[in-house]
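Visitor: upload_23.txt is reproduced in full below (compact mmCIF, C-alpha atoms and all ligand atoms).
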```
# COMPACT_ATOMS: atom_id res chain seq x y z
CA MET F 1 -75.78 -76.47 -79.27
CA GLY F 2 -75.21 -79.77 -77.52
CA PHE F 3 -77.69 -79.08 -74.78
CA ASP F 4 -78.76 -81.84 -72.43
CA LEU F 5 -82.49 -81.35 -71.75
CA ALA F 6 -82.19 -83.30 -68.52
CA GLY F 7 -79.71 -80.63 -67.41
CA LEU F 8 -82.37 -77.91 -67.52
CA PRO F 9 -82.92 -76.43 -64.06
CA VAL F 10 -86.40 -76.73 -62.53
CA PHE F 11 -88.45 -73.79 -63.84
CA PRO F 12 -88.21 -71.72 -60.64
CA TRP F 13 -91.72 -70.28 -60.73
CA ASP F 14 -93.18 -73.78 -60.45
CA LEU F 15 -91.81 -73.87 -56.88
CA LEU F 16 -94.02 -70.93 -55.99
CA GLU F 17 -97.30 -72.69 -56.85
CA PRO F 18 -98.17 -73.80 -53.28
CA TYR F 19 -97.74 -70.21 -52.05
CA LYS F 20 -99.85 -68.95 -54.92
CA ALA F 21 -102.63 -71.31 -53.81
CA LEU F 22 -102.28 -70.06 -50.23
CA ALA F 23 -102.40 -66.41 -51.30
CA ALA F 24 -105.37 -67.05 -53.61
CA ALA F 25 -107.31 -68.39 -50.62
CA HIS F 26 -107.22 -64.93 -48.97
CA PRO F 27 -110.79 -63.59 -48.70
CA GLY F 28 -109.73 -60.39 -50.52
CA GLY F 29 -108.16 -62.40 -53.35
CA LEU F 30 -104.64 -62.81 -54.73
CA ILE F 31 -102.34 -59.83 -55.25
CA ASP F 32 -99.60 -61.18 -57.48
CA LEU F 33 -96.37 -59.18 -57.16
CA SER F 34 -94.13 -62.13 -58.00
CA VAL F 35 -93.30 -62.37 -61.70
CA GLY F 36 -93.50 -58.64 -62.41
CA THR F 37 -95.54 -58.73 -65.58
CA PRO F 38 -96.79 -55.24 -66.53
CA VAL F 39 -100.53 -54.69 -65.96
CA ASP F 40 -101.17 -51.15 -67.18
CA PRO F 41 -102.72 -50.77 -70.65
CA THR F 42 -100.26 -50.48 -73.53
CA PRO F 43 -100.25 -46.77 -74.48
CA PRO F 44 -102.29 -45.76 -77.56
CA VAL F 45 -99.18 -44.59 -79.42
CA LEU F 46 -97.96 -48.20 -79.69
CA ARG F 47 -101.38 -49.73 -80.32
CA GLN F 48 -102.19 -47.32 -83.12
CA ALA F 49 -98.84 -47.84 -84.84
CA LEU F 50 -99.26 -51.62 -84.54
CA ALA F 51 -102.75 -51.49 -86.03
CA ALA F 52 -101.72 -49.13 -88.84
CA ALA F 53 -98.98 -51.60 -89.85
CA ALA F 54 -101.25 -54.66 -89.61
CA ASP F 55 -101.14 -55.29 -93.37
CA SER F 56 -97.86 -57.17 -93.45
CA PRO F 57 -97.73 -59.83 -96.20
CA GLY F 58 -93.96 -60.02 -96.64
CA TYR F 59 -91.22 -61.37 -94.38
CA PRO F 60 -89.60 -58.70 -92.25
CA ALA F 61 -85.82 -58.25 -92.39
CA THR F 62 -83.88 -59.78 -89.51
CA VAL F 63 -82.06 -56.46 -88.98
CA GLY F 64 -85.31 -54.50 -88.94
CA THR F 65 -86.38 -51.57 -91.06
CA ALA F 66 -84.11 -48.61 -91.68
CA ALA F 67 -86.59 -46.58 -89.62
CA LEU F 68 -86.21 -48.92 -86.65
CA ARG F 69 -82.43 -48.85 -86.76
CA GLN F 70 -82.42 -45.07 -87.06
CA ALA F 71 -84.91 -44.70 -84.18
CA VAL F 72 -82.66 -46.79 -81.92
CA VAL F 73 -79.57 -44.80 -82.95
CA GLN F 74 -81.41 -41.60 -82.05
CA HIS F 75 -82.62 -43.07 -78.75
CA TYR F 76 -79.04 -43.75 -77.67
CA ALA F 77 -77.85 -40.30 -78.74
CA GLN F 78 -80.72 -38.38 -77.17
CA VAL F 79 -81.62 -40.42 -74.08
CA ARG F 80 -78.53 -42.46 -73.15
CA GLY F 81 -75.58 -40.17 -74.00
CA ALA F 82 -74.30 -42.66 -76.57
CA SER F 83 -73.48 -40.99 -79.87
CA GLY F 84 -71.38 -43.82 -81.30
CA VAL F 85 -74.22 -46.25 -82.09
CA VAL F 86 -74.70 -46.67 -85.86
CA PRO F 87 -77.56 -48.32 -87.80
CA ASP F 88 -75.42 -51.40 -88.54
CA GLY F 89 -74.95 -51.76 -84.80
CA VAL F 90 -78.68 -52.33 -84.10
CA LEU F 91 -80.53 -55.65 -84.13
CA PRO F 92 -84.19 -56.10 -83.10
CA THR F 93 -84.96 -59.03 -80.79
CA LEU F 94 -88.17 -60.75 -79.69
CA GLY F 95 -88.12 -59.33 -76.20
CA SER F 96 -84.69 -59.25 -74.60
CA LYS F 97 -84.99 -62.57 -72.77
CA GLU F 98 -84.34 -64.68 -75.87
CA MET F 99 -81.12 -62.74 -76.51
CA VAL F 100 -80.03 -63.16 -72.89
CA ALA F 101 -80.55 -66.91 -73.32
CA LEU F 102 -79.05 -67.17 -76.82
CA LEU F 103 -76.14 -64.72 -76.76
CA PRO F 104 -73.45 -67.20 -75.65
CA SER F 105 -74.58 -69.65 -78.35
CA LEU F 106 -74.85 -66.97 -81.04
CA LEU F 107 -71.32 -65.81 -80.19
CA GLY F 108 -70.15 -69.38 -80.73
CA LEU F 109 -69.15 -70.01 -77.12
CA GLY F 110 -68.90 -73.59 -75.96
CA PRO F 111 -67.17 -76.01 -73.59
CA GLY F 112 -64.19 -74.47 -71.82
CA ASP F 113 -65.49 -70.92 -72.21
CA VAL F 114 -66.62 -69.01 -69.13
CA VAL F 115 -69.57 -66.60 -68.95
CA VAL F 116 -69.47 -64.23 -65.97
CA HIS F 117 -72.72 -62.87 -64.58
CA PRO F 118 -73.73 -61.03 -61.38
CA HIS F 119 -73.90 -63.30 -58.33
CA ILE F 120 -77.46 -62.20 -57.51
CA ALA F 121 -79.10 -62.17 -60.92
CA TYR F 122 -81.85 -62.89 -63.39
CA PRO F 123 -81.50 -66.68 -63.87
CA THR F 124 -81.38 -66.57 -67.69
CA TYR F 125 -77.69 -65.50 -67.75
CA ASP F 126 -76.83 -68.84 -66.17
CA LEU F 127 -79.21 -70.77 -68.42
CA GLY F 128 -77.80 -69.13 -71.56
CA ALA F 129 -74.25 -70.13 -70.67
CA ARG F 130 -75.36 -73.71 -70.05
CA LEU F 131 -77.35 -73.80 -73.28
CA ALA F 132 -74.11 -73.08 -75.16
CA GLY F 133 -72.19 -75.71 -73.19
CA ALA F 134 -70.11 -72.95 -71.57
CA THR F 135 -69.54 -72.50 -67.84
CA PRO F 136 -71.56 -69.85 -65.99
CA LEU F 137 -69.65 -68.02 -63.26
CA PRO F 138 -71.68 -66.00 -60.74
CA ASN F 139 -69.40 -63.22 -59.59
CA ALA F 140 -69.51 -60.22 -57.28
CA CYS F 141 -66.02 -58.88 -58.02
CA LEU F 142 -64.06 -59.42 -61.23
CA ASP F 143 -60.75 -59.05 -59.39
CA GLU F 144 -61.46 -62.17 -57.38
CA ILE F 145 -61.56 -64.43 -60.43
CA PRO F 146 -58.40 -66.57 -60.46
CA ALA F 147 -56.12 -65.78 -63.41
CA GLU F 148 -56.49 -69.22 -65.00
CA VAL F 149 -60.29 -68.85 -65.01
CA ALA F 150 -60.17 -65.19 -66.10
CA ALA F 151 -58.20 -66.27 -69.16
CA ARG F 152 -61.19 -68.38 -70.26
CA VAL F 153 -63.82 -65.64 -69.78
CA LYS F 154 -65.42 -64.88 -73.16
CA LEU F 155 -68.49 -62.93 -72.03
CA VAL F 156 -69.22 -60.68 -69.05
CA TRP F 157 -72.85 -59.80 -68.30
CA VAL F 158 -73.72 -56.67 -66.39
CA ASN F 159 -77.28 -55.76 -65.43
CA SER F 160 -77.93 -52.17 -64.46
CA PRO F 161 -80.37 -51.31 -62.99
CA ALA F 162 -80.25 -54.82 -61.60
CA ASN F 163 -82.99 -57.35 -61.26
CA PRO F 164 -83.72 -58.22 -58.45
CA HIS F 165 -82.09 -55.69 -56.09
CA GLY F 166 -82.14 -52.47 -58.13
CA ALA F 167 -78.47 -51.48 -57.90
CA VAL F 168 -77.13 -49.13 -60.56
CA LEU F 169 -73.57 -49.37 -61.91
CA GLY F 170 -71.95 -45.94 -61.98
CA PRO F 171 -69.62 -44.76 -64.75
CA GLU F 172 -66.50 -45.91 -62.91
CA ALA F 173 -67.84 -49.43 -62.43
CA LEU F 174 -68.78 -49.65 -66.12
CA ARG F 175 -65.37 -48.37 -67.22
CA TYR F 176 -63.72 -50.91 -64.99
CA VAL F 177 -65.70 -53.80 -66.48
CA VAL F 178 -64.92 -52.60 -70.01
CA GLN F 179 -61.23 -52.37 -69.27
CA TRP F 180 -61.15 -55.77 -67.49
CA ALA F 181 -62.93 -57.49 -70.37
CA ARG F 182 -60.89 -55.80 -73.10
CA THR F 183 -57.65 -56.88 -71.48
CA ARG F 184 -58.87 -60.46 -71.80
CA GLY F 185 -60.60 -60.23 -75.19
CA ALA F 186 -64.03 -60.85 -73.66
CA VAL F 187 -67.33 -59.34 -74.83
CA VAL F 188 -69.29 -57.19 -72.36
CA ALA F 189 -73.09 -57.40 -72.62
CA ALA F 190 -75.13 -54.94 -70.58
CA ASP F 191 -78.75 -55.82 -69.89
CA GLU F 192 -80.25 -52.37 -69.37
CA CYS F 193 -83.97 -53.13 -69.62
CA TYR F 194 -84.86 -51.11 -66.49
CA ALA F 195 -82.90 -47.99 -67.47
CA ALA F 196 -86.00 -45.77 -67.62
CA LEU F 197 -86.92 -46.56 -64.01
CA ALA F 198 -84.46 -44.70 -61.77
CA TRP F 199 -85.75 -43.55 -58.38
CA GLU F 200 -82.84 -42.30 -56.36
CA GLU F 201 -80.20 -39.68 -57.00
CA PRO F 202 -78.01 -39.11 -58.87
CA TRP F 203 -79.67 -41.50 -61.35
CA ALA F 204 -83.19 -40.03 -61.11
CA SER F 205 -82.01 -36.69 -62.49
CA GLN F 206 -78.88 -37.70 -64.45
CA GLY F 207 -80.19 -40.93 -65.95
CA VAL F 208 -78.80 -44.43 -65.52
CA PRO F 209 -75.29 -44.73 -67.02
CA CYS F 210 -75.24 -46.69 -70.29
CA LEU F 211 -72.48 -49.09 -71.33
CA LEU F 212 -72.56 -47.59 -74.82
CA ALA F 213 -72.21 -43.97 -73.64
CA ASP F 214 -69.02 -42.43 -75.01
CA SER F 215 -67.82 -41.51 -71.53
CA ASN F 216 -67.99 -45.12 -70.31
CA ASN F 217 -66.00 -46.84 -73.05
CA GLY F 218 -63.51 -44.30 -74.36
CA GLY F 219 -65.68 -43.70 -77.43
CA ASP F 220 -65.00 -47.22 -78.70
CA LEU F 221 -67.81 -49.80 -78.90
CA THR F 222 -65.55 -52.72 -79.82
CA GLY F 223 -66.65 -55.83 -77.93
CA LEU F 224 -69.62 -54.08 -76.32
CA LEU F 225 -73.32 -54.87 -76.57
CA ALA F 226 -76.33 -53.40 -74.75
CA LEU F 227 -79.78 -54.95 -74.55
CA TYR F 228 -82.93 -52.92 -74.13
CA SER F 229 -86.64 -53.65 -74.12
CA LEU F 230 -89.93 -51.78 -74.29
CA SER F 231 -91.63 -54.39 -72.07
CA LYS F 232 -91.47 -52.31 -68.90
CA GLN F 233 -90.95 -48.70 -70.01
CA SER F 234 -93.88 -48.92 -72.45
CA SER F 235 -96.04 -51.52 -70.67
CA ALA F 236 -95.75 -53.70 -73.75
CA ALA F 237 -94.31 -57.07 -72.70
CA GLY F 238 -96.81 -58.76 -75.01
CA TYR F 239 -95.29 -57.05 -78.05
CA ARG F 240 -91.86 -58.62 -77.48
CA ALA F 241 -90.24 -55.40 -78.66
CA ALA F 242 -86.56 -55.17 -77.80
CA TRP F 243 -83.13 -54.83 -79.36
CA THR F 244 -79.42 -55.39 -78.95
CA ALA F 245 -77.03 -52.64 -80.01
CA GLY F 246 -73.34 -51.84 -79.94
CA ASP F 247 -70.29 -53.14 -81.82
CA PRO F 248 -71.35 -53.43 -85.50
CA GLU F 249 -68.98 -56.36 -86.06
CA LEU F 250 -70.61 -58.36 -83.25
CA ILE F 251 -74.10 -57.33 -84.36
CA GLY F 252 -73.21 -58.61 -87.84
CA ARG F 253 -72.17 -61.98 -86.41
CA LEU F 254 -75.36 -62.29 -84.36
CA THR F 255 -77.44 -61.27 -87.38
CA ALA F 256 -75.86 -63.89 -89.61
CA VAL F 257 -76.98 -66.70 -87.28
CA ARG F 258 -80.39 -65.18 -86.56
CA LYS F 259 -81.10 -64.98 -90.31
CA HIS F 260 -80.65 -68.74 -90.56
CA ILE F 261 -82.91 -69.36 -87.56
CA GLY F 262 -85.60 -66.93 -88.75
CA LEU F 263 -85.59 -64.80 -85.61
CA MET F 264 -87.31 -61.73 -87.07
CA MET F 265 -89.32 -59.10 -85.24
CA PRO F 266 -92.82 -58.95 -86.81
CA GLY F 267 -93.29 -55.91 -89.07
CA PRO F 268 -96.20 -54.39 -87.09
CA VAL F 269 -94.18 -54.67 -83.87
CA GLN F 270 -91.29 -52.88 -85.58
CA ALA F 271 -93.65 -50.04 -86.44
CA ALA F 272 -94.89 -49.89 -82.84
CA LEU F 273 -91.31 -49.78 -81.58
CA VAL F 274 -90.46 -46.84 -83.84
CA ALA F 275 -93.58 -44.97 -82.70
CA ALA F 276 -92.81 -45.68 -79.04
CA LEU F 277 -89.30 -44.28 -79.31
CA ALA F 278 -90.65 -41.06 -80.82
CA ASP F 279 -92.89 -40.48 -77.80
CA PRO F 280 -91.05 -39.90 -74.50
CA SER F 281 -94.26 -38.73 -72.79
CA HIS F 282 -95.77 -42.20 -72.29
CA VAL F 283 -92.50 -43.39 -70.74
CA ALA F 284 -92.57 -40.51 -68.26
CA ALA F 285 -96.21 -41.28 -67.41
CA GLN F 286 -95.49 -44.97 -66.84
CA ARG F 287 -92.51 -44.11 -64.67
CA GLU F 288 -94.65 -41.82 -62.57
CA LEU F 289 -97.21 -44.60 -62.02
CA TYR F 290 -94.52 -47.00 -60.84
CA GLY F 291 -92.96 -44.29 -58.69
CA ARG F 292 -96.23 -43.71 -56.83
CA ARG F 293 -96.74 -47.42 -56.26
CA ARG F 294 -93.15 -47.75 -55.09
CA ALA F 295 -93.61 -44.98 -52.50
CA LEU F 296 -96.88 -46.45 -51.22
CA LEU F 297 -95.57 -49.98 -50.93
CA THR F 298 -92.24 -48.97 -49.38
CA GLN F 299 -94.03 -47.06 -46.67
CA ALA F 300 -96.41 -49.96 -45.95
CA LEU F 301 -93.63 -52.55 -45.85
CA GLU F 302 -91.51 -50.44 -43.49
CA ALA F 303 -94.48 -49.74 -41.23
CA ALA F 304 -94.97 -53.52 -41.07
CA GLY F 305 -91.38 -53.92 -39.82
CA LEU F 306 -89.86 -55.12 -43.09
CA VAL F 307 -86.65 -53.64 -44.44
CA VAL F 308 -86.33 -52.39 -48.03
CA GLU F 309 -82.71 -52.55 -49.21
CA GLY F 310 -81.09 -51.23 -52.41
CA SER F 311 -83.94 -50.79 -54.89
CA GLU F 312 -82.57 -47.44 -56.09
CA ALA F 313 -83.87 -48.18 -59.59
CA GLY F 314 -85.84 -50.81 -61.47
CA LEU F 315 -89.19 -52.46 -61.10
CA TYR F 316 -88.82 -54.23 -57.75
CA LEU F 317 -88.35 -53.77 -54.03
CA TRP F 318 -85.66 -55.98 -52.45
CA VAL F 319 -86.96 -56.75 -49.02
CA THR F 320 -85.78 -58.57 -45.91
CA THR F 321 -86.76 -58.81 -42.25
CA ALA F 322 -84.94 -57.28 -39.27
CA ASP F 323 -83.55 -60.74 -38.39
CA ARG F 324 -82.91 -61.59 -42.06
CA GLN F 325 -85.07 -64.69 -41.95
CA ASP F 326 -85.02 -67.23 -44.76
CA CYS F 327 -86.79 -65.90 -47.84
CA TRP F 328 -89.32 -68.74 -47.95
CA ALA F 329 -90.59 -67.78 -44.48
CA THR F 330 -91.23 -64.24 -45.74
CA VAL F 331 -92.86 -65.60 -48.91
CA ALA F 332 -95.16 -67.71 -46.68
CA ALA F 333 -96.00 -64.82 -44.33
CA LEU F 334 -96.90 -62.51 -47.22
CA ALA F 335 -98.85 -65.29 -48.96
CA GLY F 336 -100.90 -65.49 -45.78
CA LEU F 337 -101.92 -61.89 -46.50
CA GLY F 338 -102.80 -62.84 -50.05
CA ILE F 339 -99.64 -61.16 -51.43
CA LEU F 340 -97.46 -63.32 -53.67
CA VAL F 341 -93.78 -62.33 -53.96
CA ALA F 342 -90.64 -64.00 -55.32
CA PRO F 343 -88.07 -65.63 -53.03
CA GLY F 344 -84.62 -64.08 -53.35
CA SER F 345 -83.10 -67.54 -53.70
CA PHE F 346 -84.43 -67.64 -57.28
CA TYR F 347 -81.67 -65.13 -58.04
CA GLY F 348 -78.76 -66.91 -56.39
CA GLU F 349 -77.76 -68.22 -52.98
CA ALA F 350 -76.79 -64.73 -51.84
CA GLY F 351 -80.45 -63.72 -52.20
CA ALA F 352 -81.72 -66.32 -49.75
CA HIS F 353 -82.65 -63.76 -47.08
CA HIS F 354 -84.61 -61.41 -49.30
CA VAL F 355 -87.80 -61.43 -51.27
CA ARG F 356 -88.41 -59.50 -54.47
CA ILE F 357 -91.64 -57.53 -54.64
CA ALA F 358 -92.69 -56.22 -58.06
CA LEU F 359 -94.26 -52.80 -58.54
CA THR F 360 -96.53 -54.24 -61.20
CA GLY F 361 -99.79 -54.31 -59.27
CA SER F 362 -102.64 -52.09 -60.38
CA ASP F 363 -103.27 -48.99 -58.24
CA ARG F 364 -106.16 -50.89 -56.64
CA ASP F 365 -103.97 -53.92 -55.86
CA MET F 366 -101.24 -51.73 -54.43
CA ALA F 367 -103.67 -49.88 -52.16
CA GLN F 368 -105.07 -53.22 -50.99
CA ALA F 369 -101.60 -54.65 -50.40
CA ALA F 370 -100.74 -51.61 -48.28
CA ALA F 371 -103.96 -52.02 -46.30
CA ARG F 372 -103.28 -55.73 -45.67
CA LEU F 373 -99.74 -54.95 -44.48
CA ALA F 374 -100.97 -52.38 -41.93
CA PRO F 375 -99.90 -53.52 -38.43
C1 LIG F 401 -82.90 -58.45 -66.06
C2 LIG F 401 -83.89 -58.80 -67.11
N1 LIG F 401 -83.46 -58.97 -68.37
C3 LIG F 401 -84.31 -59.28 -69.35
C4 LIG F 401 -85.66 -59.44 -69.11
C5 LIG F 401 -86.54 -59.83 -70.25
O1 LIG F 401 -87.51 -58.93 -70.57
P1 LIG F 401 -88.20 -58.95 -72.00
O2 LIG F 401 -87.94 -60.29 -72.61
O3 LIG F 401 -89.63 -58.71 -71.75
O4 LIG F 401 -87.54 -57.87 -72.78
C6 LIG F 401 -86.15 -59.28 -67.81
C7 LIG F 401 -87.58 -59.48 -67.55
O5 LIG F 401 -88.08 -59.46 -66.48
C8 LIG F 401 -85.24 -58.96 -66.79
O6 LIG F 401 -85.64 -58.80 -65.53
```
Can the structure in the file be given as structure tokens, please?
Guide:
Amino acid sequence: MGFDLAGLPVFPWDLLEPYKALAAAHPGGLIDLSVGTPVDPTPPVLRQALAAAADSPGYPATVGTAALRQAVVQHYAQVRGASGVVPDGVLPTLGSKEMVALLPSLLGLGPGDVVVHPHIAYPTYDLGARLAGATPLPNACLDEIPAEVAARVKLVWVNSPANPHGAVLGPEALRYVVQWARTRGAVVAADECYAALAWEEPWASQGVPCLLADSNNGGDLTGLLALYSLSKQSSAAGYRAAWTAGDPELIGRLTAVRKHIGLMMPGPVQAALVAALADPSHVAAQRELYGRRRALLTQALEAAGLVVEGSEAGLYLWVTTADRQDCWATVAALAGLGILVAPGSFYGEAGAHHVRIALTGSDRDMAQAAARLAP
């Protein structure tokens, strides 16, 4: 990695500090719906498994225990309609963010290579490409990439449900990306960390389509990777429990480098991950909590004259004003009510007229936010 530290972008959240100070000055106190860090207690099923595995003198294996790999295989078969995932195609990661940031480097990408990511997106796709010395390419439509650039694309990121705007990629869109990338020999990586949080139909009843599902890739996982995380579905961001799964050949390459670096998921966290995957009930309960908060906040925002767009799935509301004012003006107005939200410009220029509001307030915070928004 020949990364130039001076080339690091400003850490975007630092820019929000003045608005945080303004919101904190509200007599009712700060309601922070900006970063989206989970606030509900981690369910007992994870905590108990973590504690029971606390005696952990030896180094864990980079690839995880056989139980972890099997639990992930079963998760894909039972929950995501993906029966082709095998134990050798599973690799635990320390949260999914580090893999988003490291994937281009771990794949050996470098100068001249192009990494495509959604044009309104989680900023780490861009950072990861830069870290490897490759060129990030924000893109809304693969067909619009000029042929000479398309020939240099080595990795295509998709994010469904998307942060920040909550769009879901349907089966046809996924198949199209797979076919586009395969024609060019590029890897497709799907960041699916919000897959358990679908609100609108057909996704709420059918489930969010998975890149690894047999029906979306012709039953062939070659060149495909999916990232998933327990941070949101299991209110366990502090555990850093996540994985990457898919093409066993690619997983083997990533594992080889990660072994050298020592990127191993702690043993007790592996045990908690296995226990979490065996217990769908806590995921359903967490989803219900977020669903109630989403309904309450949506109603309050709309009554206040704001417009909620997209947001069909995921952990955020994507919000603008009737006149689509600049996002920083909306950030300032909401900060005046003591509510801190993220400016859409953090996610790309095309987000400059929206703010992103996380559903991660406590029930009390959400009720207060709704009350403060009341006209
Ligand atoms: C799109 C997306 N990918 C990845 C992550 C990383 O989550 P974690 O590292 O907790 O798994 C986030 C976190 O907010 C995210 O929004």
Visitor: Could I get the residue neighbourhood of ligand LIG 401 (chain F) at 10 Å, counting all atoms listed in the file, as a PyMOL selection string?
Guide: chain F and resi 35-38+93-101+121-125+158-164+166+190-194+227-232+235-243+314-316
Visitor: I need the residue nearest F:Gly223 from this list: F:Ala151, F:Ala300, F:Ala198, F:Leu107. Use all atoms listed in the file for the distance.
Guide: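 Checking each of F:Ala151, F:Ala300, F:Ala198, F:Leu107 against F:Gly223, counting all atoms listed in the file, the winner is F:Leu107.
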Visitor: Determine the nearest neighbour of F:Arg69 from the options F:Val274, F:Leu30, F:Ala350, F:Val178, counting all atoms listed in the file.
Guide: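 Nearest to F:Arg69: F:Val274.
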Visitor: May I ask for the distance between atom CA of F:Val307 and atom CA of F:Arg364, given in Å to one decimal place?
Guide: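 Interatomic distance, atom CA of F:Val307 to atom CA of F:Arg364: 23.2 Å.
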Visitor: Mind dumping a table of every stretch 69-169 of chain F residue within 10 Å of stretch 201-220 of chain F, with the nearest atom pair and its distance in Å to one decimal, using only C-alpha atoms, sorted by chain and rising number, as CSV?
Guide:
```
residue,atom,partner,partner_atom,distance
F:Tyr76,CA,F:Ala213,CA,7.9
F:Ala77,CA,F:Ala213,CA,8.4
F:Val79,CA,F:Gly207,CA,8.3
F:Arg80,CA,F:Cys210,CA,6.1
F:Gly81,CA,F:Ala213,CA,5.1
F:Ala82,CA,F:Ala213,CA,3.8
F:Ser83,CA,F:Asp214,CA,6.8
F:Gly84,CA,F:Asp214,CA,6.9
F:Val85,CA,F:Leu212,CA,7.6
F:Val158,CA,F:Leu211,CA,9.1
F:Ser160,CA,F:Val208,CA,7.9
F:Pro161,CA,F:Val208,CA,7.5
F:Val168,CA,F:Val208,CA,7.0
F:Leu169,CA,F:Pro209,CA,7.1
```
Visitor: Around the point (-86.3, -61.4, -49.2), in the coordinates given by the file, pick out the residues reaching within 7 Å, counting all atoms listed in the file, and return them as a VMD selection string.
Guide: chain F and resid 318 to 320 327 330 343 to 344 351 to 356
